[in-house]
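Data block for run-v5.txt (compact mmCIF, C-alpha atoms):
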```txt
# COMPACT_ATOMS: atom_id res chain seq x y z
CA MET K 455 -48.88 -36.13 -60.96
CA SER K 456 -50.17 -32.73 -60.00
CA THR K 457 -51.32 -34.00 -56.55
CA SER K 458 -47.97 -35.42 -55.61
CA ARG K 459 -46.26 -32.24 -56.85
CA SER K 460 -48.52 -30.12 -54.65
CA ALA K 461 -47.88 -32.49 -51.70
CA GLY K 462 -44.14 -31.99 -52.25
CA LYS K 463 -44.65 -28.23 -52.23
CA LYS K 464 -46.63 -28.42 -48.98
CA GLU K 465 -43.92 -30.52 -47.37
CA ALA K 466 -41.27 -28.02 -48.43
CA ALA K 467 -43.40 -25.16 -47.06
CA ARG K 468 -43.82 -26.99 -43.74
CA GLN K 469 -40.07 -27.45 -43.51
CA ARG K 470 -39.47 -23.77 -44.28
CA ILE K 471 -41.96 -22.76 -41.56
CA ALA K 472 -40.41 -25.19 -39.04
CA ALA K 473 -36.94 -23.90 -39.83
CA LYS K 474 -38.16 -20.31 -39.45
CA ARG K 475 -39.80 -21.10 -36.10
CA ALA K 476 -36.65 -22.84 -34.86
CA ALA K 477 -34.60 -19.82 -35.90
CA GLU K 478 -37.03 -17.49 -34.12
CA ALA K 479 -36.92 -19.62 -30.98
CA ALA K 480 -33.12 -19.66 -31.07
CA ALA K 481 -33.08 -15.89 -31.54
CA GLN K 482 -35.45 -15.46 -28.60
CA ALA K 483 -33.31 -17.74 -26.44
CA ALA K 484 -30.21 -15.78 -27.42
CA GLU K 485 -32.03 -12.53 -26.63
CA ARG K 486 -33.11 -13.91 -23.23
CA ARG K 487 -29.50 -14.94 -22.57
CA ARG K 488 -28.22 -11.50 -23.50
CA THR K 489 -30.78 -9.91 -21.20
CA ARG K 490 -29.73 -12.20 -18.35
CA VAL K 491 -26.06 -11.34 -18.93
CA ARG K 492 -26.91 -7.62 -19.03
CA ILE K 493 -28.90 -7.86 -15.77
CA GLY K 494 -26.16 -9.96 -14.16
CA GLY K 495 -23.54 -7.47 -15.26
CA ALA K 496 -25.54 -4.51 -13.97
CA VAL K 497 -26.20 -6.18 -10.61
CA GLY K 498 -22.51 -7.11 -10.33
CA ALA K 499 -21.40 -3.57 -11.15
CA VAL K 500 -23.80 -2.08 -8.57
CA LEU K 501 -22.55 -4.51 -5.92
CA VAL K 502 -18.92 -3.57 -6.68
CA VAL K 503 -19.73 0.15 -6.43
CA ILE K 504 -21.50 -0.40 -3.07
CA ALA K 505 -18.53 -2.45 -1.79
CA VAL K 506 -16.10 0.27 -2.88
CA VAL K 507 -18.08 3.05 -1.16
CA VAL K 508 -18.58 1.07 2.07
CA THR K 509 -14.89 0.12 2.18
CA ILE K 510 -13.76 3.71 1.63
CA VAL K 511 -15.97 4.89 4.50
CA VAL K 512 -14.87 2.10 6.88
CA GLN K 513 -11.14 2.39 6.06
CA THR K 514 -11.21 6.18 6.31
CA SER K 515 -12.56 5.97 9.85
CA ARG K 516 -10.13 3.14 10.72
CA SER K 517 -7.10 5.11 9.53
CA SER K 518 -8.01 8.54 10.87
CA VAL K 519 -6.42 9.81 14.03
CA ALA K 520 -8.84 10.50 16.88
CA ALA K 521 -9.30 14.25 17.34
CA ASP K 522 -9.28 13.99 21.13
CA ALA K 523 -6.05 11.96 21.20
CA ALA K 524 -3.58 12.71 24.02
CA ARG K 525 -0.68 14.83 22.81
CA PRO K 526 2.73 15.07 24.47
CA GLY K 527 4.07 18.37 25.80
CA ASN K 528 7.45 19.97 25.01
CA THR K 529 7.04 19.63 21.25
CA SER K 530 8.84 22.13 18.99
CA ALA K 531 7.69 25.74 19.42
CA GLY K 532 5.64 26.76 16.41
CA GLY K 533 5.75 23.20 15.05
CA ASN K 534 2.93 20.87 14.08
CA GLY K 535 2.97 19.07 17.43
CA TYR K 536 4.78 16.03 16.09
CA THR K 537 8.40 17.15 16.50
CA PHE K 538 10.90 17.74 19.32
CA THR K 539 13.71 20.27 18.91
CA VAL K 540 17.11 19.92 20.53
CA GLY K 541 19.66 22.76 20.51
CA GLN K 542 19.56 26.54 20.55
CA ALA K 543 16.58 28.16 18.90
CA ASP K 544 18.79 30.66 17.05
CA ALA K 545 21.17 28.03 15.62
CA PRO K 546 21.91 28.95 11.99
CA VAL K 547 21.33 25.46 10.53
CA THR K 548 18.33 23.16 11.02
CA VAL K 549 18.73 19.39 10.74
CA ASP K 550 15.47 17.45 10.41
CA LEU K 551 15.70 13.76 11.35
CA TYR K 552 12.97 11.35 10.20
CA GLU K 553 13.63 8.06 11.95
CA ASP K 554 11.98 4.87 13.12
CA PHE K 555 13.46 3.34 16.28
CA GLN K 556 13.33 -0.10 14.62
CA CYS K 557 15.12 0.98 11.43
CA PRO K 558 18.62 -0.52 11.14
CA VAL K 559 19.88 2.07 8.65
CA CYS K 560 18.87 4.76 11.17
CA LYS K 561 21.06 2.98 13.71
CA GLN K 562 23.92 2.97 11.18
CA PHE K 563 23.51 6.74 10.78
CA GLU K 564 23.30 7.27 14.55
CA ASP K 565 26.41 5.15 15.15
CA ALA K 566 28.33 6.92 12.39
CA ALA K 567 27.23 10.53 12.72
CA GLY K 568 25.07 10.83 15.88
CA PRO K 569 27.89 12.10 18.16
CA THR K 570 29.00 14.64 15.51
CA LEU K 571 25.44 15.91 15.17
CA GLU K 572 25.10 16.36 18.92
CA GLN K 573 28.46 18.21 19.10
CA LEU K 574 27.20 20.57 16.38
CA ALA K 575 24.02 21.13 18.41
CA THR K 576 25.96 21.75 21.63
CA ALA K 577 28.21 24.22 19.81
CA GLY K 578 25.11 26.14 18.72
CA THR K 579 25.70 25.45 15.01
CA VAL K 580 22.62 23.30 14.42
CA LYS K 581 19.29 22.60 16.01
CA ILE K 582 18.02 19.05 15.64
CA VAL K 583 14.33 18.51 14.86
CA HIS K 584 13.27 14.94 15.65
CA HIS K 585 10.38 13.60 13.56
CA GLY K 586 9.48 10.20 14.94
CA MET K 587 7.87 7.60 12.67
CA ALA K 588 6.49 4.14 13.39
CA PHE K 589 5.97 1.98 10.33
CA LEU K 590 8.05 -1.11 11.18
CA ASP K 591 5.59 -2.65 13.62
CA SER K 592 5.29 -6.42 13.35
CA ALA K 593 3.99 -9.38 15.26
CA GLN K 594 7.57 -10.49 15.98
CA ASN K 595 8.66 -7.19 17.54
CA ASP K 596 5.32 -6.74 19.34
CA ASP K 597 4.78 -3.40 17.55
CA TYR K 598 8.12 -2.13 18.78
CA SER K 599 8.17 0.96 16.50
CA THR K 600 4.96 2.27 18.05
CA ARG K 601 5.91 1.34 21.62
CA ALA K 602 9.35 2.97 21.27
CA LEU K 603 8.04 6.25 19.79
CA ASN K 604 5.27 6.41 22.40
CA ALA K 605 7.89 5.94 25.13
CA ALA K 606 10.08 8.66 23.59
CA ALA K 607 7.09 11.05 23.59
CA VAL K 608 6.46 10.20 27.26
CA VAL K 609 10.10 10.99 28.04
CA ALA K 610 10.00 14.32 26.17
CA SER K 611 6.68 15.26 27.72
CA THR K 612 7.92 14.48 31.24
CA ALA K 613 11.55 15.58 31.12
CA GLY K 614 11.99 17.75 28.02
CA PRO K 615 13.61 17.44 24.58
CA GLU K 616 17.14 16.94 25.94
CA ALA K 617 15.89 13.81 27.71
CA TYR K 618 14.29 12.72 24.41
CA GLU K 619 17.74 12.99 22.79
CA THR K 620 19.32 10.86 25.55
CA PHE K 621 16.52 8.27 25.35
CA HIS K 622 16.78 8.25 21.55
CA ASP K 623 20.54 7.52 21.80
CA LEU K 624 19.92 4.74 24.34
CA LEU K 625 17.35 3.07 22.08
CA TYR K 626 19.65 3.12 19.03
CA ALA K 627 22.57 1.81 21.12
CA ASN K 628 20.31 -1.07 22.22
CA GLN K 629 18.27 -1.57 19.02
CA PRO K 630 16.68 -5.02 18.75
CA ASP K 631 17.12 -6.94 15.51
CA GLU K 632 14.55 -5.92 12.90
CA ARG K 633 13.79 -9.39 11.52
CA ASP K 634 14.02 -11.89 14.36
CA GLY K 635 14.23 -9.58 17.36
CA ALA K 636 11.36 -9.44 19.80
CA GLY K 637 11.64 -5.68 20.35
CA LEU K 638 12.58 -4.25 23.73
CA THR K 639 10.05 -5.06 26.43
CA ASP K 640 8.00 -2.32 28.06
CA ASP K 641 10.01 -2.84 31.24
CA GLN K 642 13.23 -2.21 29.32
CA LEU K 643 11.71 0.94 27.79
CA VAL K 644 10.71 2.18 31.24
CA ALA K 645 14.23 1.51 32.58
CA PHE K 646 15.79 3.47 29.68
CA ALA K 647 13.26 6.28 30.22
CA GLN K 648 14.32 6.55 33.85
CA GLN K 649 17.98 6.45 32.82
CA ALA K 650 17.23 9.35 30.46
CA GLY K 651 15.76 11.35 33.35
CA ALA K 652 12.02 10.71 33.02
CA THR K 653 11.29 9.70 36.60
CA GLY K 654 7.69 10.78 37.18
CA GLU K 655 5.38 8.18 38.68
CA ASP K 656 3.17 8.09 35.57
CA VAL K 657 6.06 7.29 33.23
CA GLY K 658 5.71 3.53 33.65
CA THR K 659 1.97 3.39 32.99
CA ASP K 660 2.14 5.97 30.18
CA ILE K 661 4.66 3.75 28.40
CA THR K 662 2.81 0.49 29.07
CA ASP K 663 -0.62 1.90 28.19
CA LEU K 664 0.55 3.58 24.96
CA VAL K 665 -0.91 6.87 26.17
CA TYR K 666 0.30 8.59 22.95
CA GLY K 667 -0.59 5.68 20.63
CA GLU K 668 -2.93 7.80 18.49
CA TRP K 669 -0.34 10.60 18.39
CA VAL K 670 2.20 8.06 17.08
CA LYS K 671 -0.19 7.23 14.20
CA GLY K 672 -0.57 10.95 13.52
CA ALA K 673 3.21 11.47 13.54
CA THR K 674 3.73 8.67 10.99
CA GLU K 675 0.95 10.15 8.83
CA GLN K 676 2.51 13.60 9.09
CA ALA K 677 5.91 12.30 7.91
CA SER K 678 4.20 10.70 4.92
CA LYS K 679 2.51 14.04 4.16
CA ASP K 680 5.92 15.73 4.45
CA GLY K 681 6.93 13.57 1.48
CA VAL K 682 9.20 11.26 3.47
CA THR K 683 9.19 7.77 1.96
CA SER K 684 12.21 6.14 3.57
CA THR K 685 14.09 6.23 6.84
CA PRO K 686 16.40 7.69 7.77
CA THR K 687 15.62 10.89 5.93
CA ILE K 688 17.96 13.65 7.08
CA LEU K 689 17.39 17.19 5.86
CA VAL K 690 20.10 19.81 6.35
CA ASP K 691 18.32 23.14 5.95
CA GLY K 692 15.77 21.34 3.79
CA THR K 693 18.24 19.49 1.56
CA THR K 694 18.36 15.69 1.78
CA LEU K 695 21.66 14.39 3.13
CA THR K 696 22.94 11.62 0.85
CA ASP K 697 26.33 10.92 2.44
CA ARG K 698 25.17 9.75 5.87
CA THR K 699 28.65 9.69 7.48
CA ALA K 700 30.10 12.08 10.07
CA ALA K 701 32.20 13.72 7.33
CA GLY K 702 29.21 13.95 4.99
CA LEU K 703 27.09 15.55 7.70
CA THR K 704 29.82 18.06 8.65
CA ALA K 705 30.32 19.03 5.00
CA ALA K 706 26.57 19.50 4.46
CA VAL K 707 26.25 21.65 7.59
CA GLN K 708 29.23 23.79 6.53
CA ALA K 709 27.73 24.22 3.07
CA ALA K 710 24.41 25.26 4.64
CA GLN K 711 26.20 27.77 6.88
CA ARG K 712 27.88 29.39 3.87
CA GLY K 713 24.36 29.72 2.53
CA MET E 817 -1.85 -31.04 -28.62
CA ARG E 818 -3.59 -28.87 -31.19
CA ILE E 819 -3.87 -25.18 -30.35
CA ASP E 820 -7.68 -25.10 -30.33
CA VAL E 821 -7.66 -27.89 -27.74
CA ALA E 822 -4.92 -26.30 -25.64
CA ARG E 823 -6.26 -22.74 -25.80
CA PRO E 824 -9.18 -23.11 -23.32
CA TRP E 825 -6.82 -24.73 -20.83
CA LEU E 826 -4.26 -21.93 -21.28
CA ALA E 827 -7.11 -19.43 -20.78
CA LEU E 828 -8.02 -21.24 -17.56
CA ALA E 829 -4.38 -21.00 -16.39
CA ALA E 830 -4.37 -17.27 -17.22
CA ARG E 831 -7.61 -16.76 -15.28
CA LEU E 832 -6.27 -18.55 -12.20
CA LEU E 833 -2.93 -16.69 -12.34
CA LEU E 834 -4.36 -13.18 -12.79
CA GLY E 835 -7.34 -13.78 -10.51
CA GLY E 836 -5.19 -15.26 -7.76
CA VAL E 837 -2.66 -12.43 -7.88
CA LEU E 838 -5.41 -9.75 -7.87
CA VAL E 839 -7.32 -11.26 -4.94
CA VAL E 840 -4.14 -11.66 -2.86
CA ALA E 841 -2.86 -8.18 -3.76
CA GLY E 842 -6.20 -6.61 -2.88
CA ALA E 843 -6.70 -8.53 0.36
CA LEU E 844 -3.22 -7.66 1.65
CA LYS E 845 -4.02 -3.94 1.35
CA LEU E 846 -7.08 -4.11 3.64
CA PRO E 847 -5.73 -4.83 7.15
CA ASP E 848 -3.62 -1.63 7.49
CA PRO E 849 -5.46 1.27 5.81
CA ALA E 850 -3.00 3.89 7.10
CA ALA E 851 -0.15 2.06 5.37
CA ALA E 852 -2.21 1.78 2.17
CA ALA E 853 -2.79 5.54 2.20
CA ARG E 854 0.94 6.17 2.76
CA ALA E 855 1.77 3.85 -0.15
CA VAL E 856 -0.50 5.80 -2.52
CA ARG E 857 0.72 9.16 -1.19
CA ALA E 858 4.35 8.10 -1.71
CA TYR E 859 3.85 8.16 -5.49
CA GLN E 860 3.20 11.93 -5.19
CA LEU E 861 0.76 11.80 -8.11
CA LEU E 862 -2.61 12.44 -6.44
CA PRO E 863 -3.94 15.41 -4.48
CA GLU E 864 -4.41 14.64 -0.77
CA GLY E 865 -8.21 14.47 -1.14
CA LEU E 866 -7.97 11.53 -3.55
CA VAL E 867 -5.34 9.55 -1.62
CA GLY E 868 -7.85 7.92 0.75
CA PRO E 869 -10.51 6.96 -1.83
CA VAL E 870 -7.89 5.45 -4.17
CA ALA E 871 -6.00 3.67 -1.38
CA PHE E 872 -9.19 2.16 0.07
CA GLY E 873 -11.28 1.68 -3.11
CA LEU E 874 -8.62 0.15 -5.35
CA PRO E 875 -8.22 -3.08 -3.30
CA VAL E 876 -11.98 -3.71 -3.58
CA VAL E 877 -11.83 -3.35 -7.37
CA GLU E 878 -8.82 -5.68 -7.48
CA ILE E 879 -10.65 -8.31 -5.41
CA ALA E 880 -13.86 -8.00 -7.47
CA VAL E 881 -12.04 -8.36 -10.80
CA GLY E 882 -9.94 -11.20 -9.37
CA LEU E 883 -13.03 -13.09 -8.17
CA ALA E 884 -14.70 -12.70 -11.58
CA LEU E 885 -11.61 -14.22 -13.23
CA LEU E 886 -11.38 -17.07 -10.72
CA ALA E 887 -15.08 -17.89 -11.13
CA GLY E 888 -15.05 -17.44 -14.90
CA LEU E 889 -17.73 -14.75 -15.11
CA PHE E 890 -17.47 -11.84 -17.56
CA VAL E 891 -14.00 -13.11 -18.40
CA ARG E 892 -13.35 -10.73 -21.32
CA THR E 893 -14.52 -7.67 -19.35
CA ALA E 894 -12.53 -8.76 -16.31
CA ALA E 895 -9.42 -9.37 -18.45
CA LEU E 896 -9.74 -5.89 -19.96
CA ALA E 897 -10.23 -4.41 -16.46
CA THR E 898 -7.10 -6.27 -15.31
CA ALA E 899 -5.16 -4.86 -18.25
CA ALA E 900 -6.40 -1.34 -17.43
CA LEU E 901 -5.38 -1.73 -13.76
CA LEU E 902 -1.95 -2.99 -14.79
CA VAL E 903 -1.46 -0.04 -17.16
CA VAL E 904 -2.28 2.34 -14.28
CA PHE E 905 0.17 0.50 -11.99
CA LEU E 906 2.88 0.55 -14.65
CA VAL E 907 2.43 4.29 -15.22
CA GLY E 908 2.74 4.86 -11.46
CA ILE E 909 5.84 2.70 -11.05
CA VAL E 910 7.64 4.01 -14.15
CA SER E 911 6.88 7.63 -13.23
CA ALA E 912 8.16 7.06 -9.67
CA TRP E 913 11.27 5.44 -11.13
CA ALA E 914 11.77 8.29 -13.62
CA ARG E 915 11.39 10.91 -10.89
CA GLY E 916 13.98 9.09 -8.75
CA LEU E 917 11.56 8.46 -5.88
CA GLN E 918 12.75 5.85 -3.43
CA ILE E 919 9.57 3.95 -2.71
CA ASP E 920 8.28 0.45 -2.41
CA CYS E 921 5.48 -0.04 -4.96
CA GLY E 922 3.03 -1.14 -2.23
CA CYS E 923 1.73 -3.65 -4.76
CA PHE E 924 1.03 -6.30 -2.14
CA GLY E 925 0.29 -4.08 0.83
CA GLY E 926 3.01 -2.36 2.79
CA GLY E 927 3.63 1.27 3.37
CA GLY E 928 5.37 2.77 0.35
CA GLN E 929 8.13 3.81 2.69
CA VAL E 930 11.25 1.71 2.31
CA ASP E 931 13.72 1.08 5.05
CA ALA E 932 16.82 1.78 3.02
CA ALA E 933 17.15 2.63 -0.66
CA ASP E 934 16.13 -0.89 -1.58
CA THR E 935 13.78 -0.14 -4.45
CA ALA E 936 12.97 -2.90 -6.96
CA TYR E 937 11.68 -1.00 -10.00
CA PRO E 938 13.00 -3.32 -12.79
CA ALA E 939 11.47 -6.43 -11.20
CA GLU E 940 8.16 -4.64 -10.54
CA VAL E 941 7.96 -3.37 -14.14
CA ALA E 942 8.87 -6.79 -15.58
CA ARG E 943 6.24 -8.53 -13.44
CA ASP E 944 3.45 -6.10 -14.33
CA THR E 945 4.36 -6.14 -18.03
CA ALA E 946 4.24 -9.94 -18.12
CA MET E 947 0.85 -9.90 -16.39
CA LEU E 948 -0.39 -7.22 -18.82
CA LEU E 949 0.47 -9.46 -21.80
CA VAL E 950 -1.35 -12.41 -20.19
CA ALA E 951 -4.40 -10.20 -19.53
CA LEU E 952 -4.49 -8.96 -23.13
CA ALA E 953 -4.19 -12.52 -24.47
CA LEU E 954 -7.06 -13.58 -22.21
CA ALA E 955 -9.18 -10.67 -23.47
CA ARG E 956 -8.48 -11.84 -27.05
CA TRP E 957 -9.26 -15.54 -26.34
CA PRO E 958 -11.53 -15.51 -23.25
CA HIS E 959 -13.08 -18.93 -23.88
CA SER E 960 -11.78 -21.19 -21.12
CA ARG E 961 -12.42 -24.46 -19.31
CA LEU E 962 -14.24 -24.59 -15.95
CA ALA E 963 -15.86 -21.19 -16.38
CA LEU E 964 -19.01 -20.53 -14.36
CA ALA E 965 -20.53 -18.55 -17.24
CA THR E 966 -20.48 -21.67 -19.49
CA ARG E 967 -22.10 -23.75 -16.75
CA LEU E 968 -24.92 -21.26 -16.30
CA GLU E 969 -25.56 -21.18 -20.05
CA THR E 970 -25.73 -24.92 -20.54
CA ALA E 971 -27.81 -25.43 -17.39
CA THR E 972 -30.63 -23.18 -18.63
CA PRO E 973 -33.20 -24.89 -20.96
```
Can the structure from this file be put into structure tokens for me?
Amino acid sequence: MSTSRSAGKKEAARQRIAAKRAAEAAAQAAERRRTRVRIGGAVGAVLVVIAVVVTIVVQTSRSSVAADAARPGNTSAGGNGYTFTVGQADAPVTVDLYEDFQCPVCKQFEDAAGPTLEQLATAGTVKIVHHGMAFLDSAQNDDYSTRALNAAAVVASTAGPEAYETFHDLLYANQPDERDGAGLTDDQLVAFAQQAGATGEDVGTDITDLVYGEWVKGATEQASKDGVTSTPTILVDGTTLTDRTAAGLTAAVQAAQRG
Amino acid sequence: MRIDVARPWLALAARLLLGGVLVVAGALKLPDPAAAARAVRAYQLLPEGLVGPVAFGLPVVEIAVGLALLAGLFVRTAALATAALLVVFLVGIVSAWARGLQIDCGCFGGGGQVDAADTAYPAEVARDTAMLLVALALARWPHSRLALATRLETATP
């Protein structure tokens, strides 16, 4: 009796020990798994941080404008080198125009109020400050925004801001379709440049070779830093013009004149 | 189908949806860094010194979190990170909307600058809110089918 009872006890003890060992092994396995997950997580986090830092460095250099970039002449006196001023320097009202040559709403504004604006400039009431932007480049239009603004800078540099104004009007009158248009060709841009009075022998190559390509990037960046988020943005003495019609423009200029 | 059978499959669908959107959204911001910087600057929330790091670093984080979700690694952490990103995006969009800024959210690349006044704030907010709810649900029930983490666990002796 007593022997079999003690054998039963031993068996029970063996089972308890086996169960305890199994539990310990399971706990160790779980601990090993947790360690692996922790190591994996740490390695993953370090890799993400490295990727973030490398990308920031690479993208910063890709998006920065070269310091030795060619800059056009005849930019606004006392300006940041990215604007062209048309009209008399002592005109009482300043109208800032932020436009992209590919932007259809800019064309609408130019068609509706462009002639009025130029009459006001001729009369000595306003001076127009052109801020070019190029953010509507696409594969379809063969980066037309950039090519057009570069060409406009070539025209201003060669023949002065008045020629820029003429070239600007020609490009809006002949604006290619934003979505399915192929942009104007370089040859067409050169022809318009000559029509606007830029006749130097370098004009053709300066337009074709995007001599002010880096400057165009800088101009777009500058507009963004000026807080401009949509085109056209028209400021009459610093106030955004909301009614972009000839009447709206005239009223805003008169209000600015009254102070 | 009973819910405990369906749930891992729903979690898989959530992983693929969120992961796919994040990877695409991040990848589209890489080719034109200048446009990405303009998009961040357009919100007028960050000082100029932080515009570049955020514009260039954020897409990498989006892609990393998206890949973790697609692969099924650290699903709960990745779902919480997704929710945090979406909260940041929502704050940006709603604050731009409230301040009357006319910007494109730049969510899937693009320049922040819009051609006309064609902003799409309600749609952007609705989309991000829906994704936020999916991310929170995934963080609550991260167990899913076809997750790499489960494979690695069962493969080890």
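The list of chain K residues within 8 Å of chain E is Arg487, Gly495, Val502, Ala505, Val506, Val507, Thr509, Ile510, Gln513, Thr514, Arg516, Ser517, Ser518, Cys557, Pro558, Val559, Phe589, Glu675, Ser678, Lys679, Gly681, Val682, Thr683, Ser684, Thr685 and Pro686 of chain K; this uses all atoms listed in the file.
Straight-line separation from CA of Ala894 (chain E) to CA of Ala963 (chain E): 12.9 Å.
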Within 9 Å of (-2.7, -12.1, -5.0) (file coordinates; all atoms listed in the file), which protein or nucleic acid residues are there? I'd like them as JSON, numbers by chain. {"E": [833, 834, 835, 836, 837, 838, 839, 840, 841, 842, 843, 844, 879, 882, 924]}
Nearest to Thr576 (chain K) among K:Gly494, K:Gly541, K:Gly702, K:Gly533, with distances taken over only C-alpha atoms: which residue is it?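 Ranked by minimum distance to Thr576 (chain K), first place goes to K:Gly541.
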In the coordinates of the file, take the point (20.1, 13.0, 10.9) and a cut-off of 9 Å; then, counting all atoms listed in the file, name each qualifying protein, DNA or RNA residue as a list of chain:residue names.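 The residues that fall inside the cut-off are K:Val549, K:Asp550, K:Leu551, K:Tyr552, K:Glu553, K:Cys560, K:Phe563, K:Glu564, K:Ala567, K:Gly568, K:Leu571, K:Ile582, K:Val583, K:His584, K:Pro686, K:Thr687, K:Ile688, K:Leu689, K:Val690, K:Leu695, K:Arg698, K:Leu703.
Picture a line from CA of Ala953 (chain E) to CA of Ala499 (chain K); it runs 23.5 Å.
The list of residues with at least one atom within 9 Å of Gly888 (chain E), based on only C-alpha atoms and without residues fewer than 4 positions apart in the same chain, reads E:Leu828, E:Arg831, E:Leu883, E:Ala884, E:Ser960, E:Arg961, E:Leu962, E:Ala963, E:Leu964, E:Ala965, E:Thr966.
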Would you compute the distance between CA of Ile819 (chain E) and CA of Leu901 (chain E)? Give it in Å to one decimal. 28.8 Å
